[in-house]
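Let me begin by presenting the structure, written as structure tokens, before commenting on it.
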Amino acid sequence: MRSVALTVNGTRHELELEPRELLVYVLRDRLRLTGTNVGCDTSSCGACTVLVDGAAVKSCTVLGVQAEGEEITTIEGLARDGELHPVQQAFHDRHALQCGFCTPGMVMATVSLIEHGEATGEEAIRIGLEGNLCRCTGYHNIVAAVQDAASAMGRAS
Amino acid sequence: MIPARFDYDVAESVEHAIELLAAGGGDTKLLAGGQSLIPALKLRIARPAKLADLGRLDDLAYVKDGGTHIAVGAMTRHATVAKDALLAEHCAIVSHTAAQIGDPQVRHRGTIGGTLSHGDPASDMPAVVLALGGELVARGKGGERVIPATEFFTGVFETALAPDEVLVEVRVPKLAASTGWAYVKANRRAQDWATVGVAVLVHRDNGTVAGASIGLVNMGGTPLRARAAEDALAGGASVGDAAAAVTDGAEPPSDLAASSEYRAHLAQVVARRALEQAMAD
Amino acid sequence: MSATEERTAYVGAPVKRREDEPLLTGRATYVDNMAPVGTVSMAVVRSPYAHARVTSIDLEAARGADGVVAAFSAADLQGDWKAAMPCAWPVTEDMKNPPHYPLTDVACYQGDGVAVVIAESRGEAQDAAELVEIDWEPLDAIVDVSKALDEGSPLAHPELGTNECYVWRLDTDATGEALEDADVVVTCRYYQPRLIPNAMEPRAVVAVPGATGDLTLYSTTQIPHILRLLAAATLGLNESKVRVVAPDVGGGFGSKCDVYAEELLALALAVRLGRPVKWVEERTEGYLSTIHGRDFVTEYTLAARKDGTITHCRAKVTAAMGAYLQLVTPGIPLLGAWIYSGPYAIPNYSVEFTGVFTNTTPTDAYRGAGRPEATYVIERTMNALADELGMDRLEVRRKNFITEFPFTMASGLTIDSGDYHASLDKLLELLDLDALRADQAKRRENGEVKQIGVGFSTYNEMCGLAPSRILGAIRYAAGGWEQATVRFLATGTVQVVTGTSPHGQGHETAWAQIAAERLGLEVDEVEVLHGDTAVSHFGLDSYGSRSLPVGGVAVWHAGDKVIEKARQLAAHELEVSADDLEYANGSFAVKGSPDKERTLKALAFSAWAAHDLPEGMEPGLEGTATYDPPNFSWPGGAHAAVVEVDTETGDARLVRYVAVDDVGAVVNPIIVDGQVHGGITQGISTALYEEGVYDEDGNLLSANLLSYLVPSAAELPSYELDRTESKSPTNPLGVKGVGETGTIAAAPAVLGAVLDAVSHLGVKDIQMPATPERVWRAIQEAKA
């Protein structure tokens, strides 16, 4: 067991972790932040994407102990004061989700993409979401939603 | 999905990492960005007794001007390499290639030192560093040594690093303005490993092509230099003929993405395109 | 006059989904999010061999490991099963159905479960599962569906003496006369690759023992009601003691339309241990333990006269069942059995299906189930026939389109409505085929490396499972009805209880639209309850594009019952005859005296208060309808794909996809478009990317998402959609199913486009998926 302090959605947590505990399970099982989903075991699907210091990472491919001192944002930390984040709003407006399972990861990957100034047009968005798989939407509405959100956030170009 | 149990230590310094490796007697693995190691842990393909985490070694995350070369600290993440201005100016093939590795999430965590030390013949960066004639700086109990890339990749997931050595820096040459370059990768999905990748540097002498360096991804047990193709080109062969020679000495694997035969063909096509692109650069 | 004609505020409106907010903010209720107090984790020990006998199994080390609560072998639990795992569709009287239990000591596919370990945590269960010591005696395995019936092939179940599961025929042309009279006969052979469904949410189960011998099963299932029945039967429990809850379910595509070993194991172990038992599938594990789809070999024949009139279609299918019959495994080919003539009027019809066992993961329903397999061979062969006749490919289609509806096909079923010409016309308006052909001609003339091709698919399909009468006639064990309750609460808001079980389709929004429309309410005044057998007592769940044309229509009919009861109450209160009342927009008015009226909301309160009800009327305003449609649902349409092929590498990339579908009336166009987007993506992916591959020993080589290529956004373009609308005359909403149309239509369009791009090089066939290597080889072979 190892003592780890990390900040999730602005709240600091001190935890005793087994080294083998993946960050996604720390979030889900320890902190009961179950919004971050596990969709595969090969780091392929991106469902577990969260932000570590503002950058999208697959939380299934980070050990909890590696997150010592990090600022982590999960899907639960995106909406503020009951207002959806522009990316969440755009996903809703564009019907960019169906079963919703890939959605938290897709949204977090999108936030990172837009914040990094990389959501500059359809092709860049499609390539930028290469690490997130969705089985329901065919991505059509997701791509449209990301374009809308990038515009709403003033980061479309 | 849940790794087998292991112990974990944070390396407080490179020297500490070396001590941890030595103490582990081969059962301790270094953890850099973890984007190859953690997937292997999850499937329990890798079962180290202990991980020594290099993640706190911020002093290994840098890109510096080394005079004739650019020095990249081993813990520099792919996303950082991809956006680095110094590399873009002097050795843009490295930053360009870093942006092709995995997917954005992988690039936010994975490091250049990690991908090189992992020795995966299907990874992008090793073949690029090989084509560049780069050097890898390893530190061990006996101090630092500089390993030419040509001697670094020794087998499938095997490198010249001693069991208690840590890769600390990658050096890539500053390319002359006249040097053309290309890294071309063929894969099925954007996030997939290269079915085949070809890195090319075209060296010019007074405006004419004097030769080329060619690195191959996923064409054998290690990243490869396509020496026969390089020699052919230096000897005045056409791009097409030189590209056809990239398979000389290669042992293209067969897997679900491609049979050996098709992979060899694909390498020739991709090599020709990379050469053409580099020559147009 | 019906309400539909008067008020169309909600049905047909692009209402944004009410399901979204919890899913977007991380408050979803997926099974893996649940952790009842005292939950233990289950891990299943699986066979690494495709066919092997356990000669000894030692659980002691596992039982002694940290955190382990218990461990069981197949023999330990055999007494817990009162019946083998269920197959609900014995398609013939003499169909072979070797019994399959949740654990076995003779593994018949890689991944067959042989033991379970229960521990306090998931990690400890996985650790201990590795400690189970097993001696195996490997047996010969049959893997390739096309070799399963060859003399001397290994037998998946040696005790059966054959790999043949059944032969099923539907033959209107036993003599083959039409074939002899035809001017042109084209026969082609196709392989439909094995597909792995890959719902993004892996399967998961939590079985919770109750205080009175009752059990609650939370499961990632499409079929809570069917599961309640069959879990009870398998475990020998009273069905009334079992509650099944399907909370938020992260996609299914058929793969969660099954009764799975892990569900039964969790229930049995929850009873044994008296603690909640949880199992969550690992993706790589799921590639073995969750059903696969397709794996058909089909020989398909079209015969025609010189003028292009098709006289005969004939399909001979060998379909892989996999190692065992899951819920409807043998019936999958039958779901396409009546539509091997496509949207074409073909007078002579014969279909023969042979189901075969192989030592592979069982197959079952995967999106489209039986119909993509039919449409693919029809559309590919239509192209071949046109080429043989020297006719334009679309012209041959137009010449044979069914044009008058209802139309009874040679296969015996009747298509209710459609307009296949209209869909194709609209498709061509959107496509600009002339420009594409000009581009193609230019590229060919210049010998460019990148060539383009255009492929078409004009299709129809039958979906919306019902009618019960027909399902019974084809030996399906259950009916095809669906139930809905519409319940006014005292304050005038409404609960809709549905037997459908959505897992991404947006029933909460769409059913609220239907109820609001029927009852003259605002959509926000309607709640939709589903997915819990304690709430929704009867239903037959969601699969086969049935939810809207059966379950959605049931909501409408339940609304009718509410209105009829309210009419009696309104007549009583207004002191008029019920016949003198006109209903519109949630209100009854007296004919000729429109100021004398009663709203449904006011009547709901009266019915609840029950102070002054007509003689004999029970309190409350609620109606339940159990709807059994008179016919299947018959969507259709026309799709086109444009593909660019790199002729040097063989890499084929989709550059455009245009789809015009006719799914009848549309309740919510946003949701319908979303269903089409997703459906066509899975068809595109079948044509270009996905393939479940075993080696000859039965090891699954496409073992996980690294090597089984589910495409990302980066591999796909945006799509161009439109619709035509032939309302279904069989239901008051005029709706048809939509969930599978895209998958059914897309693969032949995309494969056709790939072939069109390289046809000038002499390429005539490429097996799906059209991988770069396959395309390159086809070009090389054509050159040779």
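The way I read the labels, and the way they are meant: chains A, B, ... in the order of the structure tokens, residue 1 as the first residue of every chain, and ligand 1 as the first ligand shown, with later ones counted on from there.
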### Task
Can you list, as an MDAnalysis selection string, all residues belonging to range 419-460 of chain C that DSSP tags as strand (DSSP E)?
chainID C and resid 450:460
Need to verify the contact set: Ala85 in chain B, 12 Å, only C-alpha atoms, exclusion of same-chain residues closer than 3 positions in sequence. Can you return it as a compact mmCIF listing (two decimals) with N, CA and C atoms, in the first residue's frame?
```txt
# COMPACT_ATOMS: atom_id res chain seq x y z
N TYR B 62 13.02 17.40 -21.38
CA TYR B 62 13.57 18.63 -21.99
C TYR B 62 13.86 18.39 -23.45
N VAL B 63 13.96 19.46 -24.17
CA VAL B 63 14.53 19.44 -25.52
C VAL B 63 15.56 20.56 -25.54
N LYS B 64 16.82 20.21 -25.82
CA LYS B 64 17.91 21.19 -25.74
C LYS B 64 18.73 21.21 -27.02
N ASP B 65 19.29 22.36 -27.26
CA ASP B 65 20.21 22.49 -28.39
C ASP B 65 21.58 22.00 -27.94
N ILE B 70 20.29 17.87 -31.41
CA ILE B 70 19.23 18.24 -30.47
C ILE B 70 19.14 17.11 -29.45
N THR B 80 4.73 16.68 -26.23
CA THR B 80 5.68 17.78 -26.11
C THR B 80 6.64 17.77 -27.28
N VAL B 81 7.14 16.59 -27.59
CA VAL B 81 8.05 16.45 -28.73
C VAL B 81 7.36 16.93 -30.01
N ALA B 82 6.09 16.57 -30.13
CA ALA B 82 5.36 16.89 -31.36
C ALA B 82 5.24 18.40 -31.56
N ALA B 88 11.19 21.21 -34.42
CA ALA B 88 10.54 21.58 -35.68
C ALA B 88 11.54 22.31 -36.58
N GLU B 89 12.43 23.08 -35.95
CA GLU B 89 13.39 23.84 -36.76
C GLU B 89 14.53 22.96 -37.26
N HIS B 90 15.03 22.08 -36.39
CA HIS B 90 16.28 21.38 -36.73
C HIS B 90 16.11 19.91 -37.09
N CYS B 91 15.04 19.30 -36.65
CA CYS B 91 14.89 17.86 -36.92
C CYS B 91 13.40 17.52 -36.91
N ALA B 92 12.72 18.12 -37.87
CA ALA B 92 11.25 18.09 -37.85
C ALA B 92 10.69 16.68 -38.02
N VAL B 94 11.33 14.22 -36.32
CA VAL B 94 11.07 13.68 -34.98
C VAL B 94 9.75 14.23 -34.44
N SER B 95 9.54 15.53 -34.55
CA SER B 95 8.28 16.08 -34.04
C SER B 95 7.10 15.59 -34.88
N HIS B 96 7.32 15.52 -36.19
CA HIS B 96 6.26 15.00 -37.06
C HIS B 96 5.89 13.57 -36.66
```
### Query
So how many Å separate CA of Leu256 in chain B and CA of Gly152 in chain C, to one decimal?
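About the pair CA of Leu256 in chain B and CA of Gly152 in chain C: they are 28.5 Å apart.
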### Task
Using only C-alpha atoms, determine which residues of chain C fall within 8 Å of chain B; present them as a ChimeraX atom specification.
/C:122-123,126-127,282,648-649,701-702,706-707,709,711-712,714-715,773
Output for the residues just chosen: N, CA and C atoms as an mmCIF file, in the first residue's frame:
```cif
data_model
loop_
_atom_site.group_PDB
_atom_site.id
_atom_site.type_symbol
_atom_site.label_atom_id
_atom_site.label_comp_id
_atom_site.auth_asym_id
_atom_site.auth_seq_id
_atom_site.Cartn_x
_atom_site.Cartn_y
_atom_site.Cartn_z
ATOM 1 N N ARG C 122 -12.433 -7.780 -7.198
ATOM 2 C CA ARG C 122 -12.239 -8.225 -8.568
ATOM 3 C C ARG C 122 -10.808 -8.698 -8.794
ATOM 4 N N GLY C 123 -9.860 -7.952 -8.263
ATOM 5 C CA GLY C 123 -8.456 -8.313 -8.443
ATOM 6 C C GLY C 123 -8.133 -9.649 -7.797
ATOM 7 N N GLN C 126 -9.499 -12.469 -9.827
ATOM 8 C CA GLN C 126 -8.662 -12.752 -11.000
ATOM 9 C C GLN C 126 -7.356 -13.428 -10.598
ATOM 10 N N ASP C 127 -6.778 -12.993 -9.492
ATOM 11 C CA ASP C 127 -5.547 -13.641 -9.007
ATOM 12 C C ASP C 127 -5.796 -15.131 -8.744
ATOM 13 N N GLU C 282 -14.336 -8.641 -18.938
ATOM 14 C CA GLU C 282 -13.210 -7.934 -19.541
ATOM 15 C C GLU C 282 -13.439 -7.974 -21.050
ATOM 16 N N GLU C 648 -2.165 0.665 -55.435
ATOM 17 C CA GLU C 648 -0.834 0.107 -55.119
ATOM 18 C C GLU C 648 -0.826 -0.613 -53.781
ATOM 19 N N THR C 649 -1.501 -0.040 -52.811
ATOM 20 C CA THR C 649 -1.507 -0.666 -51.474
ATOM 21 C C THR C 649 -2.760 -1.514 -51.250
ATOM 22 N N LEU C 701 -7.844 -15.374 -33.032
ATOM 23 C CA LEU C 701 -6.691 -14.505 -33.312
ATOM 24 C C LEU C 701 -7.065 -13.032 -33.209
ATOM 25 N N SER C 702 -8.262 -12.710 -33.649
ATOM 26 C CA SER C 702 -8.730 -11.317 -33.503
ATOM 27 C C SER C 702 -9.236 -11.192 -32.073
ATOM 28 N N LEU C 706 -7.476 -4.532 -30.279
ATOM 29 C CA LEU C 706 -6.253 -4.188 -30.994
ATOM 30 C C LEU C 706 -6.240 -4.797 -32.389
ATOM 31 N N SER C 707 -6.809 -5.981 -32.507
ATOM 32 C CA SER C 707 -6.709 -6.676 -33.789
ATOM 33 C C SER C 707 -8.066 -6.871 -34.460
ATOM 34 N N LEU C 709 -10.969 -4.770 -35.800
ATOM 35 C CA LEU C 709 -10.909 -3.348 -36.116
ATOM 36 C C LEU C 709 -12.279 -2.674 -36.088
ATOM 37 N N PRO C 711 -13.882 0.647 -36.266
ATOM 38 C CA PRO C 711 -13.304 1.907 -36.745
ATOM 39 C C PRO C 711 -13.581 3.078 -35.819
ATOM 40 N N SER C 712 -12.719 4.063 -35.892
ATOM 41 C CA SER C 712 -12.915 5.319 -35.152
ATOM 42 C C SER C 712 -13.413 6.379 -36.125
ATOM 43 N N ALA C 714 -11.795 8.630 -37.330
ATOM 44 C CA ALA C 714 -10.760 8.950 -38.304
ATOM 45 C C ALA C 714 -10.860 8.127 -39.584
ATOM 46 N N GLU C 715 -11.563 7.008 -39.517
ATOM 47 C CA GLU C 715 -11.655 6.143 -40.705
ATOM 48 C C GLU C 715 -12.921 6.407 -41.531
ATOM 49 N N GLU C 773 -4.853 -5.940 -48.035
ATOM 50 C CA GLU C 773 -4.202 -7.114 -48.624
ATOM 51 C C GLU C 773 -5.124 -7.839 -49.597
#
```
### Query
Quick one: which residues from chain A are at most 6 Å off chain C, using only C-alpha atoms, as a PyMOL selection string?
chain A and resi 34-35+39-41+75-76+98-101+126-127+130+133+136-140
Requested write-out: C-alpha atoms of the selected residues, as a CSV table (one decimal), in the first residue's frame:
```csv
chain,number,residue,atom,x,y,z
A,34,THR,CA,-18.5,6.0,-11.7
A,35,GLY,CA,-19.0,8.4,-14.6
A,39,GLY,CA,-14.8,-0.2,-22.2
A,40,CYS,CA,-11.8,-2.4,-22.9
A,41,ASP,CA,-8.7,-3.8,-21.5
A,75,ILE,CA,-16.9,13.8,-16.4
A,76,GLU,CA,-18.5,14.6,-13.1
A,98,GLN,CA,-27.0,7.0,-27.8
A,99,CYS,CA,-26.2,4.4,-25.2
A,100,GLY,CA,-23.9,6.9,-23.6
A,101,PHE,CA,-21.2,4.5,-22.6
A,126,ARG,CA,-11.9,13.0,-36.7
A,127,ILE,CA,-8.1,12.4,-36.4
A,130,GLU,CA,-8.9,8.5,-33.1
A,133,LEU,CA,-14.5,4.3,-30.1
A,136,CYS,CA,-23.8,3.7,-31.7
A,137,THR,CA,-23.5,7.0,-33.5
A,138,GLY,CA,-21.2,6.3,-36.4
A,139,TYR,CA,-19.4,9.5,-35.2
A,140,HIS,CA,-21.5,11.7,-37.5
```
#### Entry: Spatial neighbours of Asn132 in chain A, 8 Å, only C-alpha atoms, chain gap at least 4 places, as a ChimeraX atom specification
/A:44-47,102,105-106,109 /C:712
Please tabulate, as a tab-separated table, the residues of chain B that come within 10 Å of chain A, each with its closest pair of atoms and the distance in Å to one decimal, counting only C-alpha atoms and ordering rows by chain, then residue number upward.
```
residue	atom	partner	partner_atom	distance
B:Met1	CA	A:Asp41	CA	5.2
B:Ile2	CA	A:Arg20	CA	7.1
B:Pro3	CA	A:Arg20	CA	5.8
B:Ala4	CA	A:Arg20	CA	7.1
B:Arg5	CA	A:Arg20	CA	5.9
B:Phe6	CA	A:Arg20	CA	6.5
B:Asp7	CA	A:Pro19	CA	6.4
B:Tyr8	CA	A:Pro19	CA	6.0
B:Asp9	CA	A:Pro19	CA	9.0
B:Val10	CA	A:Gln66	CA	8.8
B:Leu31	CA	A:Gln66	CA	9.6
B:Gly33	CA	A:Val62	CA	8.3
B:Gly34	CA	A:Thr61	CA	6.9
B:Gln35	CA	A:Thr61	CA	6.3
B:Ser36	CA	A:Thr61	CA	8.7
B:Leu37	CA	A:Thr61	CA	8.8
B:Ile38	CA	A:Thr61	CA	5.6
B:Pro39	CA	A:Thr42	CA	5.7
B:Ala40	CA	A:Thr42	CA	8.3
B:Leu41	CA	A:Arg20	CA	8.8
B:Lys42	CA	A:Asp41	CA	6.8
B:Leu43	CA	A:Asp41	CA	7.2
B:Lys50	CA	A:Pro19	CA	9.4
B:Leu51	CA	A:Pro19	CA	8.9
B:Asp53	CA	A:Gln66	CA	7.8
B:Leu54	CA	A:Gln66	CA	9.7
B:Gly55	CA	A:Gln66	CA	7.2
B:Arg56	CA	A:Gln66	CA	9.0
B:Ala79	CA	A:Ala55	CA	9.8
B:Gly102	CA	A:Gly131	CA	7.8
B:Asp103	CA	A:Gly131	CA	5.1
B:Pro104	CA	A:Gly128	CA	6.7
B:Gln105	CA	A:Val57	CA	4.3
B:Val106	CA	A:Val57	CA	6.8
B:Arg107	CA	A:Val57	CA	8.5
B:His108	CA	A:Val57	CA	6.4
B:Arg109	CA	A:Val57	CA	6.9
B:Gly110	CA	A:Val57	CA	10.0
B:Arg189	CA	A:Glu130	CA	8.0
B:Ala190	CA	A:Glu130	CA	6.0
B:Gln191	CA	A:Glu130	CA	5.8
B:Asp192	CA	A:Ser44	CA	9.0
```
Please extract the residues of range 12-212 of chain B with a backbone DSSP assignment of helix (DSSP H, G or I) and present them as a PDB file with C-alpha atoms, in the first residue's frame.
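Done, and the output landed in result_0.pdb:
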```pdb
ATOM      1  CA  VAL B  14      18.393   8.545 -12.197  1.00  0.00           C
ATOM      2  CA  GLU B  15      20.913   7.158  -9.736  1.00  0.00           C
ATOM      3  CA  HIS B  16      18.078   5.946  -7.541  1.00  0.00           C
ATOM      4  CA  ALA B  17      16.480   4.283 -10.559  1.00  0.00           C
ATOM      5  CA  ILE B  18      19.756   2.546 -11.305  1.00  0.00           C
ATOM      6  CA  GLU B  19      19.924   1.327  -7.710  1.00  0.00           C
ATOM      7  CA  LEU B  20      16.366   0.050  -7.874  1.00  0.00           C
ATOM      8  CA  LEU B  21      17.108  -1.814 -11.092  1.00  0.00           C
ATOM      9  CA  ALA B  22      20.243  -3.335  -9.653  1.00  0.00           C
ATOM     10  CA  ALA B  23      18.464  -4.354  -6.471  1.00  0.00           C
ATOM     11  CA  GLY B  24      15.645  -5.931  -8.434  1.00  0.00           C
ATOM     12  CA  LEU B  37       3.927  -1.343 -20.120  1.00  0.00           C
ATOM     13  CA  ILE B  38       0.582  -0.788 -18.413  1.00  0.00           C
ATOM     14  CA  PRO B  39      -1.426  -2.467 -21.204  1.00  0.00           C
ATOM     15  CA  ALA B  40       0.918  -5.442 -20.863  1.00  0.00           C
ATOM     16  CA  LEU B  41       0.424  -5.427 -17.092  1.00  0.00           C
ATOM     17  CA  LYS B  42      -3.353  -5.328 -17.494  1.00  0.00           C
ATOM     18  CA  ASP B  58      11.220  16.240 -14.372  1.00  0.00           C
ATOM     19  CA  ASP B  59      14.852  16.930 -15.151  1.00  0.00           C
ATOM     20  CA  LEU B  60      14.637  14.251 -17.846  1.00  0.00           C
ATOM     21  CA  HIS B  78       5.299  12.574 -27.291  1.00  0.00           C
ATOM     22  CA  ALA B  79       2.865  15.490 -27.218  1.00  0.00           C
ATOM     23  CA  THR B  80       5.677  17.783 -26.106  1.00  0.00           C
ATOM     24  CA  VAL B  81       8.053  16.447 -28.733  1.00  0.00           C
ATOM     25  CA  ALA B  82       5.360  16.886 -31.364  1.00  0.00           C
ATOM     26  CA  LYS B  83       5.013  20.576 -30.585  1.00  0.00           C
ATOM     27  CA  ALA B  85       9.894  24.427 -31.767  1.00  0.00           C
ATOM     28  CA  LEU B  86      13.560  23.476 -31.594  1.00  0.00           C
ATOM     29  CA  LEU B  87      12.874  20.076 -33.119  1.00  0.00           C
ATOM     30  CA  ALA B  88      10.542  21.584 -35.676  1.00  0.00           C
ATOM     31  CA  GLU B  89      13.388  23.837 -36.756  1.00  0.00           C
ATOM     32  CA  HIS B  90      16.276  21.378 -36.734  1.00  0.00           C
ATOM     33  CA  ALA B  92      11.250  18.086 -37.846  1.00  0.00           C
ATOM     34  CA  ILE B  93      10.961  14.396 -38.710  1.00  0.00           C
ATOM     35  CA  VAL B  94      11.067  13.683 -34.979  1.00  0.00           C
ATOM     36  CA  SER B  95       8.281  16.080 -34.035  1.00  0.00           C
ATOM     37  CA  HIS B  96       6.262  15.003 -37.065  1.00  0.00           C
ATOM     38  CA  THR B  97       6.620  11.345 -36.095  1.00  0.00           C
ATOM     39  CA  ALA B  98       5.806  11.973 -32.447  1.00  0.00           C
ATOM     40  CA  PRO B 104      -3.743  11.894 -28.385  1.00  0.00           C
ATOM     41  CA  GLN B 105      -4.216  10.232 -25.009  1.00  0.00           C
ATOM     42  CA  VAL B 106      -1.176   8.012 -25.570  1.00  0.00           C
ATOM     43  CA  ARG B 107       0.854  11.011 -26.688  1.00  0.00           C
ATOM     44  CA  HIS B 108      -0.064  12.917 -23.550  1.00  0.00           C
ATOM     45  CA  ARG B 109       1.490  10.190 -21.395  1.00  0.00           C
ATOM     46  CA  ILE B 112      10.337   9.229 -26.203  1.00  0.00           C
ATOM     47  CA  GLY B 113      12.593   7.315 -23.840  1.00  0.00           C
ATOM     48  CA  GLY B 114       9.875   4.822 -23.107  1.00  0.00           C
ATOM     49  CA  THR B 115       9.108   4.053 -26.713  1.00  0.00           C
ATOM     50  CA  LEU B 116      12.810   3.664 -27.559  1.00  0.00           C
ATOM     51  CA  SER B 117      13.659   1.497 -24.550  1.00  0.00           C
ATOM     52  CA  HIS B 118      10.630  -0.717 -25.173  1.00  0.00           C
ATOM     53  CA  ASP B 124       7.316   4.611 -35.038  1.00  0.00           C
ATOM     54  CA  MET B 125      10.096   6.488 -33.302  1.00  0.00           C
ATOM     55  CA  PRO B 126      12.816   3.817 -33.174  1.00  0.00           C
ATOM     56  CA  ALA B 127      13.042   3.575 -36.956  1.00  0.00           C
ATOM     57  CA  VAL B 128      13.185   7.359 -37.227  1.00  0.00           C
ATOM     58  CA  VAL B 129      16.009   7.678 -34.711  1.00  0.00           C
ATOM     59  CA  LEU B 130      17.737   4.821 -36.490  1.00  0.00           C
ATOM     60  CA  ALA B 131      17.452   6.533 -39.869  1.00  0.00           C
ATOM     61  CA  LEU B 132      18.695   9.753 -38.317  1.00  0.00           C
ATOM     62  CA  ALA B 149      21.022   3.883 -32.574  1.00  0.00           C
ATOM     63  CA  THR B 150      22.450   1.370 -35.008  1.00  0.00           C
ATOM     64  CA  GLU B 151      23.625  -0.686 -32.036  1.00  0.00           C
ATOM     65  CA  PHE B 152      20.725  -0.025 -29.705  1.00  0.00           C
TER      66      PHE B 152
END
```
### Query
Using only C-alpha atoms, which residue out of A:Ala145, A:Leu23, A:Arg28, A:Val111 lies closest to His85 in chain A?
A:Val111
### Query
By how many Å are CA of Leu548 in chain C and CA of Leu335 in chain C apart?
18.2 Å
### Message
Excluding Tyr49 in chain C and its own-chain neighbours fewer than 4 positions away, which residues fall within 7 Å of it when counting only C-alpha atoms? Please give them as a list of chain:residue names.
### Response
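In the requested form, the answer reads C:Tyr109, C:Gln110, C:Pro138.
What separates CA of Glu696 in chain C from CA of Gln192 in chain C is a distance of 17.9 Å.
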### Message
Can you tell me which residues surround Asp53 in chain A at a distance of at most 8 Å, considering only C-alpha atoms, apart from same-chain residues fewer than 4 positions away, and format the answer as a list of chain:residue names?
### Response
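Returned residues: A:Glu70, A:Glu71, A:Ile72, A:Thr73.
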Those selected residues, please, written with N, CA and C atoms and delivered as a short mmCIF file (atom, residue, chain, number, x, y, z; two decimals), in the first residue's frame.
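again17.cif, written as the output of this step:
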```cif
data_model
loop_
_atom_site.label_atom_id
_atom_site.label_comp_id
_atom_site.auth_asym_id
_atom_site.auth_seq_id
_atom_site.Cartn_x
_atom_site.Cartn_y
_atom_site.Cartn_z
N GLU A 70 -1.42 15.02 -8.85
CA GLU A 70 -2.02 15.50 -10.10
C GLU A 70 -3.40 16.11 -9.86
N GLU A 71 -3.77 16.98 -10.78
CA GLU A 71 -5.12 17.55 -10.82
C GLU A 71 -5.88 16.78 -11.89
N ILE A 72 -6.91 16.09 -11.46
CA ILE A 72 -7.67 15.24 -12.38
C ILE A 72 -9.08 15.79 -12.54
N THR A 73 -9.53 15.81 -13.78
CA THR A 73 -10.92 16.20 -14.02
C THR A 73 -11.63 15.03 -14.67
#
```
### Task
Would you list the contacts of Ile332 in chain C as number ranges by chain, taking every protein, DNA or RNA residue within 6 Å and counting only C-alpha atoms, but skipping same-chain residues closer than 3 positions in sequence?
C: 329, 335, 369-370
Pull C-alpha atoms from the residues just selected and write them as a PDB file, in the first residue's frame.
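Saved the output as selection_28.pdb:
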```
ATOM      1  CA  THR C 329     -28.927 -19.077 -32.628  1.00  0.00           C
ATOM      2  CA  LEU C 335     -34.878 -13.984 -39.850  1.00  0.00           C
ATOM      3  CA  ALA C 369     -29.412 -10.879 -37.859  1.00  0.00           C
ATOM      4  CA  GLY C 370     -30.072 -12.895 -41.010  1.00  0.00           C
TER       5      GLY C 370
END
```
### Task
Write out as an NGL selection string each polymer residue whose atoms come within 10 Å of range 298-307 of chain C, counting only C-alpha atoms; drop sequence neighbours fewer than 6 positions from it.
:C and (146 or 178-192 or 313-319 or 340-341 or 346 or 348-353 or 373-374 or 376-378 or 380-382 or 384-386 or 388-391 or 396 or 399)
